[in-house]
Amino acid sequence: KLGMEYYRTDHEPATTMEVCNDIDKILDTLICKNLFLCNRQKTNFYMLMMPGDKPFKTKDLSKQINSARLSFADESYMEEFLDITPGSVSIMGLMNDTDNHVQLLMDKEVLEGETLGCHPCINTSSLKLKTKEVMEKFLPAVHHEAVIVELPRYEEQE
């Protein structure tokens, strides 16, 4: 319906980023790490898309979105709002969030690539999508906008 070009591969359940690294090679694209987060009061929910090899520290994100404290949201909210289960969190789940409970947050590095990889709401398949089409076709179609954040890469001290 949206006229988006994609490539798909089926695979064993991708339950870790290590498994996703193999999928990266097959699709020749970055498979994003997707985290489902909420504030302490459980009134604001977020899906964070970031490079899989980038470390995540809640304090770095909390400052940028003016949220005092973030944590991983309970899977019951994931199922209620996105109709997906842990291990299958994906930007594609936003099509099920018709009441806009979930705010999409994207690390700016995700936008730097011509393509990105994600699950189609199940972790036994992966899609390669054009980043521009995700931003200009998919997100408007599901009535979501991305807030762009910049998470640091912590260089190892020598």
# chains A, B, ... in the order shown; residues from 1 in each chain; ligands from 1
>>> residues_around(residues="region 72-82 of chain A", least_positions_apart="5", cutoff="9 Å", atoms="only C-alpha atoms", output="PyMOL selection string")
chain A and resi 35-39+42+45-46+89-90+92-102+121
>>> select_by_dssp(residues="chain A", states="strand (DSSP E or B)", output="VMD selection string")
chain A and resid 6 to 10 31 to 39 45 to 51 70 to 72 102 to 107 115 to 118 125 to 130 146 to 149
>>> select_by_dssp(residues="region 19-128 of chain A", states="helix (DSSP H, G or I)", output="PyMOL selection string")
chain A and resi 19-27+58-64+75-82+91-96+108-112
>>> residues_around(residues="Ile31 (chain A)", least_positions_apart="3", cutoff="8 Å", atoms="only C-alpha atoms", output="PDB file with N, CA and C atoms, in the first residue's frame")
ATOM      1  N   CYS A  20      21.724 -11.002  15.668  1.00  0.00           N
ATOM      2  CA  CYS A  20      21.424  -9.939  14.705  1.00  0.00           C
ATOM      3  C   CYS A  20      22.645  -9.555  13.880  1.00  0.00           C
ATOM      4  N   ASN A  21      23.840  -9.720  14.431  1.00  0.00           N
ATOM      5  CA  ASN A  21      25.051  -9.418  13.665  1.00  0.00           C
ATOM      6  C   ASN A  21      25.145 -10.292  12.420  1.00  0.00           C
ATOM      7  N   ILE A  23      22.565 -11.481  10.824  1.00  0.00           N
ATOM      8  CA  ILE A  23      21.510 -10.972   9.939  1.00  0.00           C
ATOM      9  C   ILE A  23      21.986  -9.697   9.249  1.00  0.00           C
ATOM     10  N   ASP A  24      22.733  -8.853   9.982  1.00  0.00           N
ATOM     11  CA  ASP A  24      23.334  -7.647   9.393  1.00  0.00           C
ATOM     12  C   ASP A  24      24.080  -8.002   8.115  1.00  0.00           C
ATOM     13  N   PRO A  51      21.795   1.980  17.076  1.00  0.00           N
ATOM     14  CA  PRO A  51      22.679   0.951  16.542  1.00  0.00           C
ATOM     15  C   PRO A  51      22.886  -0.153  17.574  1.00  0.00           C
ATOM     16  N   GLY A  52      22.893  -1.385  17.109  1.00  0.00           N
ATOM     17  CA  GLY A  52      23.010  -2.524  18.005  1.00  0.00           C
ATOM     18  C   GLY A  52      24.316  -2.593  18.762  1.00  0.00           C
ATOM     19  N   LEU A 116      18.007   0.576   6.890  1.00  0.00           N
ATOM     20  CA  LEU A 116      18.024   0.079   8.263  1.00  0.00           C
ATOM     21  C   LEU A 116      17.327  -1.264   8.289  1.00  0.00           C
ATOM     22  N   GLY A 117      17.618  -2.032   9.312  1.00  0.00           N
ATOM     23  CA  GLY A 117      17.017  -3.356   9.444  1.00  0.00           C
ATOM     24  C   GLY A 117      16.143  -3.430  10.673  1.00  0.00           C
ATOM     25  N   CYS A 118      15.049  -4.167  10.553  1.00  0.00           N
ATOM     26  CA  CYS A 118      14.140  -4.345  11.686  1.00  0.00           C
ATOM     27  C   CYS A 118      13.361  -5.641  11.510  1.00  0.00           C
TER      28      CYS A 118
END
>>> closest_atom_pairs(of="region 4-97 of chain A", to="region 125-138 of chain A", cutoff="9 Å", atoms="only C-alpha atoms", output="CSV")
residue,atom,partner,partner_atom,distance
A:Met4,CA,A:Glu133,CA,6.5
A:Glu5,CA,A:Leu129,CA,6.6
A:Tyr6,CA,A:Leu129,CA,5.0
A:Tyr7,CA,A:Lys128,CA,5.0
A:Arg8,CA,A:Leu127,CA,4.5
A:Thr9,CA,A:Ser126,CA,5.5
A:Asp10,CA,A:Ser125,CA,4.2
A:His11,CA,A:Ser125,CA,5.8
A:Glu12,CA,A:Ser125,CA,8.1
A:Pro13,CA,A:Ser125,CA,7.9
A:Ala14,CA,A:Ser125,CA,8.3
A:Ile23,CA,A:Ser126,CA,7.6
A:Leu27,CA,A:Lys128,CA,6.4
A:Asp28,CA,A:Lys128,CA,8.3
A:Thr29,CA,A:Lys128,CA,6.8
A:Leu30,CA,A:Lys128,CA,8.6
A:Ile31,CA,A:Ser126,CA,8.3
A:Met92,CA,A:Phe138,CA,8.6
A:Met95,CA,A:Phe138,CA,8.8
>>> write_last_selection(atoms="N, CA and C atoms", output="mmCIF file, in the first residue's frame")
data_model
loop_
_atom_site.group_PDB
_atom_site.id
_atom_site.type_symbol
_atom_site.label_atom_id
_atom_site.label_comp_id
_atom_site.auth_asym_id
_atom_site.auth_seq_id
_atom_site.Cartn_x
_atom_site.Cartn_y
_atom_site.Cartn_z
ATOM 1 N N MET A 4 6.666 0.802 -0.498
ATOM 2 C CA MET A 4 8.021 0.782 0.053
ATOM 3 C C MET A 4 8.776 -0.447 -0.439
ATOM 4 N N GLU A 5 10.004 -0.216 -0.856
ATOM 5 C CA GLU A 5 10.866 -1.312 -1.282
ATOM 6 C C GLU A 5 11.469 -1.964 -0.041
ATOM 7 N N TYR A 6 11.541 -3.292 -0.031
ATOM 8 C CA TYR A 6 12.148 -3.973 1.111
ATOM 9 C C TYR A 6 12.745 -5.304 0.685
ATOM 10 N N TYR A 7 13.649 -5.779 1.499
ATOM 11 C CA TYR A 7 14.209 -7.119 1.365
ATOM 12 C C TYR A 7 13.916 -7.835 2.672
ATOM 13 N N ARG A 8 13.645 -9.129 2.600
ATOM 14 C CA ARG A 8 13.298 -9.897 3.793
ATOM 15 C C ARG A 8 14.104 -11.182 3.834
ATOM 16 N N THR A 9 14.490 -11.567 5.027
ATOM 17 C CA THR A 9 15.127 -12.860 5.239
ATOM 18 C C THR A 9 14.503 -13.510 6.472
ATOM 19 N N ASP A 10 14.324 -14.817 6.408
ATOM 20 C CA ASP A 10 13.818 -15.581 7.547
ATOM 21 C C ASP A 10 14.998 -16.263 8.229
ATOM 22 N N HIS A 11 14.904 -16.445 9.529
ATOM 23 C CA HIS A 11 16.028 -16.985 10.293
ATOM 24 C C HIS A 11 15.538 -17.556 11.620
ATOM 25 N N GLU A 12 16.459 -18.141 12.358
ATOM 26 C CA GLU A 12 16.152 -18.613 13.711
ATOM 27 C C GLU A 12 15.764 -17.401 14.564
ATOM 28 N N PRO A 13 15.060 -17.604 15.673
ATOM 29 C CA PRO A 13 14.696 -16.462 16.521
ATOM 30 C C PRO A 13 15.915 -15.617 16.891
ATOM 31 N N ALA A 14 15.813 -14.333 16.626
ATOM 32 C CA ALA A 14 16.902 -13.399 16.930
ATOM 33 C C ALA A 14 16.674 -12.846 18.330
ATOM 34 N N ILE A 23 22.565 -11.481 10.824
ATOM 35 C CA ILE A 23 21.510 -10.972 9.939
ATOM 36 C C ILE A 23 21.986 -9.697 9.249
ATOM 37 N N LEU A 27 21.662 -9.183 5.176
ATOM 38 C CA LEU A 27 20.910 -8.078 4.572
ATOM 39 C C LEU A 27 21.806 -6.908 4.171
ATOM 40 N N ASP A 28 23.053 -6.933 4.600
ATOM 41 C CA ASP A 28 23.989 -5.840 4.344
ATOM 42 C C ASP A 28 23.415 -4.508 4.826
ATOM 43 N N THR A 29 22.953 -4.518 6.069
ATOM 44 C CA THR A 29 22.439 -3.294 6.680
ATOM 45 C C THR A 29 22.544 -3.412 8.189
ATOM 46 N N LEU A 30 22.377 -2.301 8.864
ATOM 47 C CA LEU A 30 22.408 -2.262 10.319
ATOM 48 C C LEU A 30 21.071 -2.730 10.879
ATOM 49 N N ILE A 31 21.099 -3.784 11.691
ATOM 50 C CA ILE A 31 19.899 -4.190 12.418
ATOM 51 C C ILE A 31 19.876 -3.363 13.696
ATOM 52 N N MET A 92 7.996 -1.402 13.280
ATOM 53 C CA MET A 92 6.772 -1.860 12.620
ATOM 54 C C MET A 92 5.614 -2.001 13.609
ATOM 55 N N MET A 95 2.490 0.504 13.969
ATOM 56 C CA MET A 95 1.227 0.456 13.220
ATOM 57 C C MET A 95 0.084 -0.011 14.118
#
>>> residues_around(residues="Pro55 (chain A)", least_positions_apart="4", cutoff="9 Å", atoms="only C-alpha atoms", output="list of chain:residue names")
A:Pro51, A:Leu151, A:Pro152, A:Arg153, A:Tyr154
>>> write_last_selection(atoms="C-alpha atoms", output="PDB file, in the first residue's frame")
ATOM      1  CA  PRO A  51      22.679   0.951  16.542  1.00  0.00           C
ATOM      2  CA  LEU A 151      23.506   8.892  22.378  1.00  0.00           C
ATOM      3  CA  PRO A 152      27.256   8.892  23.003  1.00  0.00           C
ATOM      4  CA  ARG A 153      29.645   6.138  22.107  1.00  0.00           C
ATOM      5  CA  TYR A 154      31.879   5.580  25.084  1.00  0.00           C
TER       6      TYR A 154
END
>>> closest_residue(among="A:Ile84, A:Gly3, A:Lys33, A:Ser67", to="Ile122 (chain A)", atoms="only C-alpha atoms")
A:Ile84
>>> decode(residues="region 47-79 of chain A", atoms="N, CA and C atoms", output="PDB file, in the first residue's frame")
ATOM      1  N   MET A  47       9.844   4.027  22.397  1.00  0.00           N
ATOM      2  CA  MET A  47      10.589   3.005  21.674  1.00  0.00           C
ATOM      3  C   MET A  47      11.851   3.689  21.181  1.00  0.00           C
ATOM      4  N   LEU A  48      12.980   3.198  21.625  1.00  0.00           N
ATOM      5  CA  LEU A  48      14.263   3.755  21.220  1.00  0.00           C
ATOM      6  C   LEU A  48      14.894   2.850  20.179  1.00  0.00           C
ATOM      7  N   MET A  49      15.193   3.427  19.002  1.00  0.00           N
ATOM      8  CA  MET A  49      15.931   2.722  17.943  1.00  0.00           C
ATOM      9  C   MET A  49      17.353   3.246  17.956  1.00  0.00           C
ATOM     10  N   MET A  50      18.297   2.318  18.049  1.00  0.00           N
ATOM     11  CA  MET A  50      19.694   2.727  18.092  1.00  0.00           C
ATOM     12  C   MET A  50      20.562   1.639  17.464  1.00  0.00           C
ATOM     13  N   PRO A  51      21.795   1.980  17.076  1.00  0.00           N
ATOM     14  CA  PRO A  51      22.679   0.951  16.542  1.00  0.00           C
ATOM     15  C   PRO A  51      22.886  -0.153  17.574  1.00  0.00           C
ATOM     16  N   GLY A  52      22.893  -1.385  17.109  1.00  0.00           N
ATOM     17  CA  GLY A  52      23.010  -2.524  18.005  1.00  0.00           C
ATOM     18  C   GLY A  52      24.316  -2.593  18.762  1.00  0.00           C
ATOM     19  N   ASP A  53      25.362  -1.971  18.220  1.00  0.00           N
ATOM     20  CA  ASP A  53      26.671  -2.045  18.874  1.00  0.00           C
ATOM     21  C   ASP A  53      26.936  -0.868  19.804  1.00  0.00           C
ATOM     22  N   LYS A  54      25.943  -0.034  20.002  1.00  0.00           N
ATOM     23  CA  LYS A  54      26.118   1.154  20.832  1.00  0.00           C
ATOM     24  C   LYS A  54      25.608   0.875  22.239  1.00  0.00           C
ATOM     25  N   PRO A  55      26.386   1.237  23.263  1.00  0.00           N
ATOM     26  CA  PRO A  55      25.904   1.012  24.628  1.00  0.00           C
ATOM     27  C   PRO A  55      24.780   1.982  24.976  1.00  0.00           C
ATOM     28  N   PHE A  56      23.901   1.553  25.866  1.00  0.00           N
ATOM     29  CA  PHE A  56      22.778   2.390  26.286  1.00  0.00           C
ATOM     30  C   PHE A  56      22.863   2.663  27.776  1.00  0.00           C
ATOM     31  N   LYS A  57      22.832   3.945  28.113  1.00  0.00           N
ATOM     32  CA  LYS A  57      22.775   4.368  29.516  1.00  0.00           C
ATOM     33  C   LYS A  57      21.577   5.301  29.640  1.00  0.00           C
ATOM     34  N   THR A  58      20.675   4.965  30.538  1.00  0.00           N
ATOM     35  CA  THR A  58      19.426   5.733  30.646  1.00  0.00           C
ATOM     36  C   THR A  58      19.678   7.212  30.908  1.00  0.00           C
ATOM     37  N   LYS A  59      20.709   7.546  31.667  1.00  0.00           N
ATOM     38  CA  LYS A  59      20.948   8.957  32.003  1.00  0.00           C
ATOM     39  C   LYS A  59      21.203   9.797  30.748  1.00  0.00           C
ATOM     40  N   ASP A  60      21.850   9.210  29.738  1.00  0.00           N
ATOM     41  CA  ASP A  60      22.130   9.959  28.510  1.00  0.00           C
ATOM     42  C   ASP A  60      20.846  10.316  27.773  1.00  0.00           C
ATOM     43  N   LEU A  61      19.890   9.420  27.800  1.00  0.00           N
ATOM     44  CA  LEU A  61      18.622   9.654  27.115  1.00  0.00           C
ATOM     45  C   LEU A  61      17.683  10.507  27.958  1.00  0.00           C
ATOM     46  N   SER A  62      17.628  10.257  29.242  1.00  0.00           N
ATOM     47  CA  SER A  62      16.715  10.981  30.134  1.00  0.00           C
ATOM     48  C   SER A  62      16.880  12.486  30.006  1.00  0.00           C
ATOM     49  N   LYS A  63      18.123  12.949  29.970  1.00  0.00           N
ATOM     50  CA  LYS A  63      18.396  14.385  29.857  1.00  0.00           C
ATOM     51  C   LYS A  63      17.803  14.959  28.575  1.00  0.00           C
ATOM     52  N   GLN A  64      17.933  14.230  27.486  1.00  0.00           N
ATOM     53  CA  GLN A  64      17.513  14.751  26.182  1.00  0.00           C
ATOM     54  C   GLN A  64      16.005  14.817  26.006  1.00  0.00           C
ATOM     55  N   ILE A  65      15.272  13.976  26.718  1.00  0.00           N
ATOM     56  CA  ILE A  65      13.807  13.974  26.556  1.00  0.00           C
ATOM     57  C   ILE A  65      13.096  14.499  27.803  1.00  0.00           C
ATOM     58  N   ASN A  66      13.876  15.104  28.703  1.00  0.00           N
ATOM     59  CA  ASN A  66      13.327  15.704  29.926  1.00  0.00           C
ATOM     60  C   ASN A  66      12.486  14.730  30.735  1.00  0.00           C
ATOM     61  N   SER A  67      13.012  13.549  30.918  1.00  0.00           N
ATOM     62  CA  SER A  67      12.351  12.548  31.749  1.00  0.00           C
ATOM     63  C   SER A  67      13.302  12.205  32.892  1.00  0.00           C
ATOM     64  N   ALA A  68      12.833  12.386  34.114  1.00  0.00           N
ATOM     65  CA  ALA A  68      13.702  12.224  35.276  1.00  0.00           C
ATOM     66  C   ALA A  68      14.313  10.833  35.373  1.00  0.00           C
ATOM     67  N   ARG A  69      13.530   9.825  35.104  1.00  0.00           N
ATOM     68  CA  ARG A  69      14.058   8.471  35.262  1.00  0.00           C
ATOM     69  C   ARG A  69      13.371   7.525  34.291  1.00  0.00           C
ATOM     70  N   LEU A  70      14.164   6.826  33.512  1.00  0.00           N
ATOM     71  CA  LEU A  70      13.634   5.859  32.554  1.00  0.00           C
ATOM     72  C   LEU A  70      14.007   4.450  32.978  1.00  0.00           C
ATOM     73  N   SER A  71      13.147   3.519  32.637  1.00  0.00           N
ATOM     74  CA  SER A  71      13.457   2.109  32.860  1.00  0.00           C
ATOM     75  C   SER A  71      12.794   1.303  31.753  1.00  0.00           C
ATOM     76  N   PHE A  72      13.102   0.027  31.700  1.00  0.00           N
ATOM     77  CA  PHE A  72      12.463  -0.834  30.716  1.00  0.00           C
ATOM     78  C   PHE A  72      11.008  -1.023  31.120  1.00  0.00           C
ATOM     79  N   ALA A  73      10.121  -0.857  30.166  1.00  0.00           N
ATOM     80  CA  ALA A  73       8.686  -0.982  30.438  1.00  0.00           C
ATOM     81  C   ALA A  73       8.291  -2.447  30.533  1.00  0.00           C
ATOM     82  N   ASP A  74       7.286  -2.702  31.323  1.00  0.00           N
ATOM     83  CA  ASP A  74       6.769  -4.055  31.495  1.00  0.00           C
ATOM     84  C   ASP A  74       6.219  -4.576  30.168  1.00  0.00           C
ATOM     85  N   GLU A  75       6.414  -5.866  29.925  1.00  0.00           N
ATOM     86  CA  GLU A  75       5.979  -6.445  28.654  1.00  0.00           C
ATOM     87  C   GLU A  75       4.470  -6.353  28.448  1.00  0.00           C
ATOM     88  N   SER A  76       3.698  -6.214  29.511  1.00  0.00           N
ATOM     89  CA  SER A  76       2.242  -6.100  29.339  1.00  0.00           C
ATOM     90  C   SER A  76       1.884  -4.834  28.563  1.00  0.00           C
ATOM     91  N   TYR A  77       2.648  -3.748  28.766  1.00  0.00           N
ATOM     92  CA  TYR A  77       2.409  -2.515  28.003  1.00  0.00           C
ATOM     93  C   TYR A  77       2.828  -2.700  26.547  1.00  0.00           C
ATOM     94  N   MET A  78       3.900  -3.427  26.334  1.00  0.00           N
ATOM     95  CA  MET A  78       4.371  -3.708  24.980  1.00  0.00           C
ATOM     96  C   MET A  78       3.292  -4.457  24.194  1.00  0.00           C
ATOM     97  N   GLU A  79       2.710  -5.437  24.843  1.00  0.00           N
ATOM     98  CA  GLU A  79       1.656  -6.217  24.189  1.00  0.00           C
ATOM     99  C   GLU A  79       0.397  -5.381  23.988  1.00  0.00           C
TER     100      GLU A  79
END
